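A.B. asks: For reference, the file model_9.cif (mmCIF, C-alpha atoms) is included below:
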```
data_query
#
loop_
_atom_site.group_PDB
_atom_site.id
_atom_site.type_symbol
_atom_site.label_atom_id
_atom_site.label_comp_id
_atom_site.auth_asym_id
_atom_site.auth_seq_id
_atom_site.Cartn_x
_atom_site.Cartn_y
_atom_site.Cartn_z
ATOM 1 C CA LEU P 1 -4.064 11.854 1.462
ATOM 2 C CA SER P 2 -6.013 9.085 -0.203
ATOM 3 C CA PRO P 3 -9.188 7.759 1.447
ATOM 4 C CA SER P 4 -7.559 4.380 2.091
ATOM 5 C CA THR P 5 -4.594 6.048 3.819
ATOM 6 C CA LEU P 6 -6.888 8.180 5.957
ATOM 7 C CA LEU P 7 -8.936 5.119 6.881
ATOM 8 C CA GLY P 8 -5.765 3.311 7.958
ATOM 9 C CA TYR P 9 -4.655 6.293 10.069
ATOM 10 C CA GLU P 10 -8.073 6.500 11.699
ATOM 11 C CA LYS P 11 -7.964 2.811 12.640
ATOM 12 C CA ILE P 12 -4.532 3.185 14.209
ATOM 13 C CA PHE P 13 -5.549 6.248 16.210
ATOM 14 C CA LYS P 14 -8.812 4.726 17.448
ATOM 15 C CA ARG P 15 -7.222 1.374 18.289
ATOM 16 C CA HIS P 16 -3.997 2.623 19.859
ATOM 17 C CA TRP P 17 -3.220 6.285 20.428
ATOM 18 C CA ILE P 18 -6.568 7.522 21.757
ATOM 19 C CA PRO P 19 -7.030 4.672 24.261
ATOM 20 C CA TRP P 20 -3.417 5.022 25.423
ATOM 21 C CA PHE P 21 -3.050 8.760 25.739
ATOM 22 C CA GLY P 22 -6.360 10.391 24.767
ATOM 23 C CA GLU P 23 -7.081 11.724 28.257
ATOM 24 C CA ARG P 24 -3.512 12.850 28.944
ATOM 25 C CA ALA P 25 -1.912 16.215 28.358
ATOM 26 C CA ILE P 26 0.271 15.843 25.275
ATOM 27 C CA GLY P 27 3.307 17.259 27.098
ATOM 28 C CA ASP P 28 3.119 14.513 29.734
ATOM 29 C CA VAL P 29 3.647 11.606 27.339
ATOM 30 C CA LEU P 30 7.115 10.055 27.665
ATOM 31 C CA PRO P 31 9.126 8.220 24.977
ATOM 32 C CA SER P 32 9.430 5.193 27.285
ATOM 33 C CA GLU P 33 5.632 5.017 27.588
ATOM 34 C CA ILE P 34 5.214 5.198 23.831
ATOM 35 C CA ALA P 35 7.713 2.382 23.242
ATOM 36 C CA ALA P 36 6.137 0.212 25.945
ATOM 37 C CA LYS P 37 2.588 0.685 24.669
ATOM 38 C CA ILE P 38 3.505 -0.040 21.054
ATOM 39 C CA GLY P 39 5.601 -3.042 22.087
ATOM 40 C CA GLU P 40 2.691 -4.500 24.073
ATOM 41 C CA ALA P 41 0.105 -3.864 21.365
ATOM 42 C CA THR P 42 1.829 -4.996 18.197
ATOM 43 C CA THR P 43 2.899 -8.427 17.047
ATOM 44 C CA SER P 44 5.143 -7.547 14.125
ATOM 45 C CA ARG P 45 7.903 -5.083 13.368
ATOM 46 C CA LYS P 46 5.884 -3.613 10.503
ATOM 47 C CA SER P 47 2.866 -2.971 12.741
ATOM 48 C CA TYR P 48 5.131 -1.454 15.383
ATOM 49 C CA ASN P 49 6.600 0.947 12.826
ATOM 50 C CA ASN P 50 3.179 1.820 11.371
ATOM 51 C CA VAL P 51 1.753 2.703 14.780
ATOM 52 C CA LEU P 52 4.852 4.693 15.725
ATOM 53 C CA SER P 53 4.839 6.556 12.428
ATOM 54 C CA GLN P 54 1.279 7.760 12.933
ATOM 55 C CA GLY P 55 1.964 8.894 16.486
ATOM 56 C CA ARG P 56 4.986 10.863 15.336
ATOM 57 C CA ILE P 57 2.714 12.901 13.082
ATOM 58 C CA VAL P 58 0.489 14.049 15.958
ATOM 59 C CA PHE P 59 3.412 14.983 18.161
ATOM 60 C CA ALA P 60 5.078 16.823 15.244
ATOM 61 C CA LEU P 61 1.939 18.919 14.805
ATOM 62 C CA ALA P 62 1.960 19.686 18.538
ATOM 63 C CA VAL P 63 5.572 20.884 18.217
ATOM 64 C CA LYS P 64 4.631 23.106 15.255
ATOM 65 C CA ASP P 65 1.730 24.535 17.252
ATOM 66 C CA GLY P 66 4.027 25.259 20.180
ATOM 67 C CA ALA P 67 2.079 22.948 22.511
ATOM 68 C CA ILE P 68 5.249 20.938 23.245
ATOM 69 C CA ALA P 69 8.933 21.724 22.778
ATOM 70 C CA GLU P 70 10.004 18.400 21.290
ATOM 71 C CA ASN P 71 8.467 15.285 19.808
ATOM 72 C CA PRO P 72 8.768 12.357 22.255
ATOM 73 C CA ALA P 73 7.928 9.846 19.519
ATOM 74 C CA THR P 74 11.108 10.728 17.591
ATOM 75 C CA LYS P 75 13.087 9.362 20.526
ATOM 76 C CA VAL P 76 11.509 5.951 19.912
ATOM 77 C CA GLU P 77 13.383 4.183 17.139
ATOM 78 C CA PHE P 78 11.818 2.349 14.250
ATOM 79 C CA LEU P 79 12.524 -1.386 14.128
ATOM 80 C CA GLU P 80 14.573 -2.871 11.301
ATOM 81 C CA ILE P 81 12.511 -4.776 8.768
ATOM 82 C CA GLN P 82 13.875 -7.300 6.336
ATOM 83 C CA HIS P 83 11.974 -6.970 3.091
ATOM 84 C CA PRO P 84 11.409 -10.276 1.319
ATOM 85 C CA GLU P 85 12.652 -10.802 -2.210
ATOM 86 C CA PRO P 86 9.936 -10.707 -4.870
ATOM 87 C CA ASP P 87 8.599 -14.178 -5.562
ATOM 88 C CA PRO P 88 6.704 -14.008 -8.861
ATOM 89 C CA PHE P 89 4.874 -17.000 -10.246
ATOM 90 C CA GLU P 90 6.876 -19.174 -12.616
ATOM 91 C CA LEU P 91 5.516 -19.416 -16.166
ATOM 92 C CA GLU P 92 4.461 -23.014 -15.487
ATOM 93 C CA GLU P 93 2.475 -21.854 -12.441
ATOM 94 C CA VAL P 94 0.758 -19.109 -14.435
ATOM 95 C CA ASP P 95 -0.186 -21.670 -17.070
ATOM 96 C CA LEU P 96 -1.787 -23.812 -14.357
ATOM 97 C CA ILE P 97 -3.594 -20.921 -12.647
ATOM 98 C CA LEU P 98 -5.194 -19.220 -15.665
ATOM 99 C CA PRO P 99 -7.234 -22.196 -16.937
ATOM 100 C CA LYS P 100 -8.584 -22.772 -13.420
ATOM 101 C CA LEU P 101 -9.636 -19.122 -13.190
ATOM 102 C CA ALA P 102 -11.364 -19.356 -16.592
ATOM 103 C CA GLU P 103 -13.107 -22.568 -15.600
ATOM 104 C CA ARG P 104 -14.375 -21.235 -12.293
ATOM 105 C CA TRP P 105 -15.036 -17.538 -13.018
ATOM 106 C CA GLY P 106 -15.001 -17.193 -16.787
ATOM 107 C CA PRO P 107 -12.571 -16.092 -19.490
ATOM 108 C CA GLU P 108 -12.796 -12.387 -18.601
ATOM 109 C CA VAL P 109 -11.407 -13.044 -15.123
ATOM 110 C CA ALA P 110 -8.609 -15.184 -16.557
ATOM 111 C CA ASP P 111 -7.819 -12.414 -19.066
ATOM 112 C CA TYR P 112 -7.686 -9.842 -16.263
ATOM 113 C CA TYR P 113 -5.157 -11.928 -14.340
ATOM 114 C CA GLU P 114 -3.135 -12.827 -17.415
ATOM 115 C CA PHE P 115 -2.771 -9.105 -18.080
ATOM 116 C CA ALA P 116 -1.767 -8.600 -14.438
ATOM 117 C CA PHE P 117 0.806 -11.403 -14.488
ATOM 118 C CA PHE P 118 2.476 -10.108 -17.636
ATOM 119 C CA THR P 119 2.476 -6.367 -16.896
ATOM 120 C CA GLY P 120 3.274 -6.378 -13.181
ATOM 121 C CA MET P 121 0.844 -3.507 -12.657
ATOM 122 C CA ARG P 122 -0.662 -2.899 -9.249
ATOM 123 C CA PRO P 123 -4.344 -3.899 -9.034
ATOM 124 C CA ASN P 124 -5.457 -0.322 -8.298
ATOM 125 C CA GLU P 125 -3.658 0.832 -11.465
ATOM 126 C CA GLN P 126 -5.004 -1.958 -13.624
ATOM 127 C CA ILE P 127 -8.645 -1.296 -12.736
ATOM 128 C CA GLU P 128 -8.252 2.367 -13.682
ATOM 129 C CA ILE P 129 -6.790 1.850 -17.183
ATOM 130 C CA LYS P 130 -8.684 3.771 -19.877
ATOM 131 C CA TRP P 131 -8.487 3.128 -23.626
ATOM 132 C CA MET P 132 -6.775 6.515 -24.010
ATOM 133 C CA ASP P 133 -3.866 5.022 -21.987
ATOM 134 C CA VAL P 134 -3.368 2.162 -24.438
ATOM 135 C CA ASP P 135 -1.231 2.413 -27.561
ATOM 136 C CA LEU P 136 -1.883 -0.750 -29.562
ATOM 137 C CA ARG P 137 0.622 0.146 -32.274
ATOM 138 C CA LYS P 138 3.460 0.565 -29.791
ATOM 139 C CA GLN P 139 2.039 -2.178 -27.548
ATOM 140 C CA THR P 140 2.275 -0.034 -24.433
ATOM 141 C CA VAL P 141 0.066 1.175 -21.613
ATOM 142 C CA ARG P 142 0.599 4.517 -19.887
ATOM 143 C CA VAL P 143 0.109 4.147 -16.127
ATOM 144 C CA SER P 144 -0.626 7.443 -14.398
ATOM 145 C CA ARG P 145 -3.348 6.743 -11.828
ATOM 146 C CA GLY P 146 -5.107 4.126 -9.758
ATOM 147 C CA LYS P 147 -8.440 3.673 -8.023
ATOM 148 C CA VAL P 148 -8.731 2.887 -4.318
ATOM 149 C CA LEU P 149 -12.044 2.860 -2.438
ATOM 150 C CA ASN P 150 -13.779 4.359 -5.487
ATOM 151 C CA THR P 151 -11.381 7.299 -5.541
ATOM 152 C CA VAL P 152 -9.046 7.943 -8.468
ATOM 153 C CA LYS P 153 -5.568 8.861 -7.233
ATOM 154 C CA ASP P 154 -1.983 9.198 -8.396
ATOM 155 C CA THR P 155 0.202 6.126 -8.648
ATOM 156 C CA LYS P 156 1.807 4.868 -5.448
ATOM 157 C CA THR P 157 5.151 6.368 -6.475
ATOM 158 C CA TYR P 158 3.554 9.599 -7.805
ATOM 159 C CA GLU P 159 5.266 8.942 -11.132
ATOM 160 C CA ALA P 160 3.610 8.007 -14.407
ATOM 161 C CA ARG P 161 5.273 5.253 -16.389
ATOM 162 C CA THR P 162 4.886 3.402 -19.659
ATOM 163 C CA VAL P 163 4.558 -0.373 -19.507
ATOM 164 C CA GLU P 164 5.569 -2.367 -22.566
ATOM 165 C CA LEU P 165 3.078 -5.140 -23.196
ATOM 166 C CA HIS P 166 4.396 -8.677 -23.239
ATOM 167 C CA SER P 167 2.761 -10.644 -26.050
ATOM 168 C CA ARG P 168 0.446 -12.353 -23.569
ATOM 169 C CA ALA P 169 -0.634 -9.075 -21.993
ATOM 170 C CA TYR P 170 -1.159 -7.617 -25.442
ATOM 171 C CA ALA P 171 -3.320 -10.586 -26.448
#
```
Write the structure described by the file as C-alpha coordinates, please.
C.D. replies:
Amino acid sequence: LSPSTLLGYEKIFKRHWIPWFGERAIGDVLPSEIAAKIGEATTSRKSYNNVLSQGRIVFALAVKDGAIAENPATKVEFLEIQHPEPDPFELEEVDLILPKLAERWGPEVADYYEFAFFTGMRPNEQIEIKWMDVDLRKQTVRVSRGKVLNTVKDTKTYEARTVELHSRAYA
(Lines of atoms letter the chains of each structure in order from A and count residues from 1; the text may use other names and numbers.)
(Lines give C-alpha, C1' and ligand atoms only; values in the text may rest on other atoms or scores of the structure.)
Protein backbone atom coordinates (compact mmCIF):
# COMPACT_ATOMS: atom_id res chain seq x y z
CA LEU A 1 0.00 0.00 0.00
CA SER A 2 1.12 3.55 -0.61
CA PRO A 3 2.33 5.68 2.32
CA SER A 4 -0.66 8.00 2.00
CA THR A 5 -3.07 5.05 2.15
CA LEU A 6 -1.32 3.61 5.18
CA LEU A 7 -1.40 7.01 6.88
CA GLY A 8 -5.14 7.24 6.26
CA TYR A 9 -5.71 3.74 7.67
CA GLU A 10 -3.65 4.57 10.74
CA LYS A 11 -5.70 7.71 11.40
CA ILE A 12 -8.96 5.78 11.15
CA PHE A 13 -7.76 3.03 13.48
CA LYS A 14 -6.37 5.44 16.08
CA ARG A 15 -9.41 7.72 15.96
CA HIS A 16 -12.13 5.08 15.83
CA TRP A 17 -11.46 1.36 16.07
CA ILE A 18 -8.89 1.28 18.87
CA PRO A 19 -10.84 3.60 21.21
CA TRP A 20 -14.06 1.69 20.51
CA PHE A 21 -12.92 -1.89 20.72
CA GLY A 22 -9.19 -1.93 21.50
CA GLU A 23 -9.61 -3.48 24.95
CA ARG A 24 -12.26 -5.99 23.88
CA ALA A 25 -11.85 -9.55 22.70
CA ILE A 26 -12.36 -9.50 18.94
CA GLY A 27 -14.98 -12.27 19.13
CA ASP A 28 -17.16 -10.18 21.45
CA VAL A 29 -17.73 -7.32 19.01
CA LEU A 30 -21.27 -7.30 17.58
CA PRO A 31 -22.43 -5.92 14.21
CA SER A 32 -24.97 -3.71 16.00
CA GLU A 33 -22.18 -2.15 18.07
CA ILE A 34 -20.10 -1.48 14.98
CA ALA A 35 -23.00 0.22 13.19
CA ALA A 36 -23.87 2.31 16.25
CA LYS A 37 -20.30 3.46 16.84
CA ILE A 38 -19.71 4.41 13.21
CA GLY A 39 -23.09 6.15 13.02
CA GLU A 40 -22.29 8.23 16.11
CA ALA A 41 -18.78 9.12 14.99
CA THR A 42 -19.20 10.05 11.35
CA THR A 43 -20.98 12.96 9.73
CA SER A 44 -21.08 11.82 6.12
CA ARG A 45 -21.89 8.67 4.21
CA LYS A 46 -18.40 8.61 2.70
CA SER A 47 -16.74 8.79 6.13
CA TYR A 48 -19.07 6.08 7.41
CA ASN A 49 -18.08 3.79 4.54
CA ASN A 50 -14.36 4.57 4.92
CA VAL A 51 -14.38 3.71 8.62
CA LEU A 52 -16.41 0.55 8.03
CA SER A 53 -14.15 -0.55 5.20
CA GLN A 54 -11.06 -0.37 7.38
CA GLY A 55 -12.70 -2.29 10.21
CA ARG A 56 -13.75 -5.03 7.81
CA ILE A 57 -10.09 -5.60 6.98
CA VAL A 58 -9.14 -6.30 10.61
CA PHE A 59 -12.03 -8.66 11.17
CA ALA A 60 -11.28 -10.45 7.87
CA LEU A 61 -7.72 -11.07 9.05
CA ALA A 62 -9.08 -12.44 12.33
CA VAL A 63 -11.28 -14.85 10.36
CA LYS A 64 -8.28 -15.98 8.28
CA ASP A 65 -6.28 -16.52 11.46
CA GLY A 66 -9.10 -18.57 12.95
CA ALA A 67 -9.57 -16.15 15.86
CA ILE A 68 -13.25 -15.67 14.93
CA ALA A 69 -15.62 -17.70 12.78
CA GLU A 70 -17.20 -14.84 10.86
CA ASN A 71 -16.63 -11.16 10.20
CA PRO A 72 -19.19 -9.06 12.12
CA ALA A 73 -18.37 -5.97 10.04
CA THR A 74 -19.65 -7.65 6.85
CA LYS A 75 -23.10 -7.68 8.44
CA VAL A 76 -23.01 -3.88 8.55
CA GLU A 77 -24.00 -2.50 5.17
CA PHE A 78 -22.25 0.27 3.33
CA LEU A 79 -24.32 3.41 2.77
CA GLU A 80 -25.31 4.48 -0.73
CA ILE A 81 -23.35 7.44 -2.03
CA GLN A 82 -24.40 9.64 -4.89
CA HIS A 83 -21.32 10.65 -6.82
CA PRO A 84 -21.47 14.17 -8.20
CA GLU A 85 -21.10 14.80 -11.91
CA PRO A 86 -17.73 16.23 -12.94
CA ASP A 87 -17.83 20.01 -13.01
CA PRO A 88 -14.79 21.16 -14.99
CA PHE A 89 -13.98 24.82 -15.42
CA GLU A 90 -15.42 26.45 -18.53
CA LEU A 91 -12.87 27.82 -21.00
CA GLU A 92 -13.85 31.36 -20.01
CA GLU A 93 -13.15 30.53 -16.35
CA VAL A 94 -9.75 29.05 -17.19
CA ASP A 95 -8.91 32.20 -19.13
CA LEU A 96 -9.75 34.28 -16.05
CA ILE A 97 -7.87 32.04 -13.59
CA LEU A 98 -4.54 31.65 -15.42
CA PRO A 99 -3.62 35.35 -15.65
CA LYS A 100 -4.36 35.77 -11.94
CA LEU A 101 -2.10 32.82 -11.12
CA ALA A 102 0.69 34.30 -13.29
CA GLU A 103 0.27 37.70 -11.68
CA ARG A 104 0.36 36.39 -8.13
CA TRP A 105 2.76 33.42 -8.34
CA GLY A 106 4.56 33.76 -11.65
CA PRO A 107 4.31 32.31 -15.15
CA GLU A 108 5.65 28.88 -14.15
CA VAL A 109 2.72 28.33 -11.79
CA ALA A 110 0.25 29.45 -14.45
CA ASP A 111 1.91 27.09 -16.95
CA TYR A 112 1.64 24.20 -14.47
CA TYR A 113 -2.10 24.79 -14.06
CA GLU A 114 -2.70 25.38 -17.75
CA PHE A 115 -1.13 21.98 -18.40
CA ALA A 116 -3.33 20.49 -15.67
CA PHE A 117 -6.52 22.06 -17.03
CA PHE A 118 -5.89 20.80 -20.55
CA THR A 119 -4.65 17.28 -19.79
CA GLY A 120 -6.94 16.32 -16.91
CA MET A 121 -4.05 14.56 -15.20
CA ARG A 122 -4.12 13.98 -11.47
CA PRO A 123 -1.73 16.25 -9.55
CA ASN A 124 0.33 13.31 -8.26
CA GLU A 125 0.80 12.13 -11.87
CA GLN A 126 1.66 15.56 -13.20
CA ILE A 127 4.42 16.20 -10.66
CA GLU A 128 6.07 12.89 -11.57
CA ILE A 129 6.26 13.42 -15.36
CA LYS A 130 9.76 12.89 -16.76
CA TRP A 131 11.01 14.06 -20.16
CA MET A 132 11.25 10.40 -21.21
CA ASP A 133 7.42 10.28 -20.88
CA VAL A 134 6.92 13.12 -23.35
CA ASP A 135 6.72 12.63 -27.11
CA LEU A 136 6.80 16.10 -28.65
CA ARG A 137 6.41 14.81 -32.20
CA LYS A 138 3.23 12.91 -31.37
CA GLN A 139 2.20 15.54 -28.80
CA THR A 140 1.53 12.95 -26.11
CA VAL A 141 2.53 12.20 -22.55
CA ARG A 142 2.74 8.66 -21.19
CA VAL A 143 1.30 8.51 -17.66
CA SER A 144 2.50 5.50 -15.70
CA ARG A 145 3.21 6.72 -12.16
CA GLY A 146 2.57 9.40 -9.58
CA LYS A 147 4.24 10.78 -6.47
CA VAL A 148 2.49 10.94 -3.11
CA LEU A 149 4.26 11.90 0.13
CA ASN A 150 7.62 11.75 -1.67
CA THR A 151 6.99 8.17 -2.78
CA VAL A 152 6.72 7.22 -6.45
CA LYS A 153 3.80 4.83 -7.00
CA ASP A 154 1.63 3.36 -9.73
CA THR A 155 -1.27 5.36 -11.09
CA LYS A 156 -4.50 5.32 -9.09
CA THR A 157 -6.05 2.86 -11.54
CA TYR A 158 -2.84 0.78 -11.85
CA GLU A 159 -2.98 1.31 -15.61
CA ALA A 160 -0.61 3.37 -17.71
CA ARG A 161 -2.20 5.58 -20.33
CA THR A 162 -1.21 7.99 -23.07
CA VAL A 163 -2.61 11.51 -22.90
CA GLU A 164 -2.89 13.48 -26.12
CA LEU A 165 -1.80 17.05 -25.57
CA HIS A 166 -4.31 19.77 -26.34
CA SER A 167 -2.59 22.67 -28.09
CA ARG A 168 -2.59 24.67 -24.85
CA ALA A 169 -1.06 21.83 -22.85
CA TYR A 170 1.50 21.32 -25.59
CA ALA A 171 2.41 25.02 -25.52
A.B. asks: Carefully work through the PyMOL selection byres ((chain P and resi 89) around 12) for this structure and note down the residues it includes, as a list of chain:residue names.
C.D. replies: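 Here the PyMOL selection byres ((chain P and resi 89) around 12) matches P:Pro86, P:Asp87, P:Pro88, P:Glu90, P:Leu91, P:Glu92, P:Glu93, P:Val94, P:Asp95, P:Leu96, P:Ile97, P:Leu98, P:Tyr113, P:Glu114, P:Ala116, P:Phe117, P:Phe118, P:Gly120.
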A.B. asks: Take the PyMOL selection byres ((chain P and resi 52-54) around 12), run it mentally on this structure, and tell me the resulting residues as a PyMOL selection string.
C.D. replies: chain P and resi 5-6+8-18+31+33-39+41-42+45-51+55-61+71-79
A.B. asks: Using all atoms listed in the file, determine which residues lie at most 10 Å from P:Ser167, disregarding the query and same-chain residues fewer than 4 positions distant; provide the list as an NGL selection string.
C.D. replies: :P and (115 or 118 or 139 or 171)
A.B. asks: Would you save the residues from that selection as a tab-separated table (two decimals), keeping the file's coordinate frame, using C-alpha atoms?
C.D. replies:
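Contents of again_32.tsv, freshly written:
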```tsv
chain	number	residue	atom	x	y	z
P	115	PHE	CA	-2.77	-9.10	-18.08
P	118	PHE	CA	2.48	-10.11	-17.64
P	139	GLN	CA	2.04	-2.18	-27.55
P	171	ALA	CA	-3.32	-10.59	-26.45
```
A.B. asks: Run the PyMOL selection byres ((chain P and resi 145-162) around 6) against the file shown and list the residues it catches, as a PDB file with C-alpha atoms, keeping the file's coordinate frame.
C.D. replies:
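expr-v2.pdb written:
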```pdb
ATOM      1  CA  ASN P 124      -5.457  -0.322  -8.298  1.00  0.00           C
ATOM      2  CA  GLU P 125      -3.658   0.832 -11.465  1.00  0.00           C
ATOM      3  CA  GLU P 128      -8.252   2.367 -13.682  1.00  0.00           C
ATOM      4  CA  VAL P 141       0.066   1.175 -21.613  1.00  0.00           C
ATOM      5  CA  ARG P 142       0.599   4.517 -19.887  1.00  0.00           C
ATOM      6  CA  VAL P 143       0.109   4.147 -16.127  1.00  0.00           C
ATOM      7  CA  SER P 144      -0.626   7.443 -14.398  1.00  0.00           C
ATOM      8  CA  VAL P 163       4.558  -0.373 -19.507  1.00  0.00           C
TER       9      VAL P 163
END
```
A.B. asks: Using only C-alpha atoms, which of P:Lys64, P:Thr119, P:Asp133, P:Ser4 sits nearest P:Tyr170?
C.D. replies: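 Closest residue, counting only C-alpha atoms: P:Thr119.
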A.B. asks: Just checking: using all atoms listed in the file, which residue out of P:Val134, P:Asp111, P:Arg104, P:Pro99 ends up closest to P:Ala169?
C.D. replies: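 The answer is P:Asp111, which sits nearest to P:Ala169.
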A.B. asks: What is the atom CA of P:Ile127 to atom CA of P:Tyr112 distance in Å?
C.D. replies: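 Straight-line distance from atom CA of P:Ile127 to atom CA of P:Tyr112 works out to 9.3 Å.
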A.B. asks: Would you work out the distance separating atom CA of P:Ile68 from atom CA of P:Leu30, expressed in Å to one decimal?
C.D. replies: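 Going from atom CA of P:Ile68 over to atom CA of P:Leu30 covers 11.9 Å.
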A.B. asks: Atom CA of P:Ala110 and atom CA of P:Lys130 are how many Å apart?
C.D. replies: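 Taking atom CA of P:Ala110 and atom CA of P:Lys130, their separation equals 19.2 Å.
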A.B. asks: Considering all atoms listed in the file, can you say which of P:Glu70, P:Leu1, P:Met121, P:Glu164 comes closest to P:Asp135?
C.D. replies: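 The answer is P:Glu164, which sits nearest to P:Asp135.
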A.B. asks: Looking at P:Ile26, P:His166, P:Phe21, P:Thr140, which one is nearest to P:Ala69, with distances taken over all atoms listed in the file?
C.D. replies: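 For P:Ala69, the nearest of the given residues is P:Ile26.
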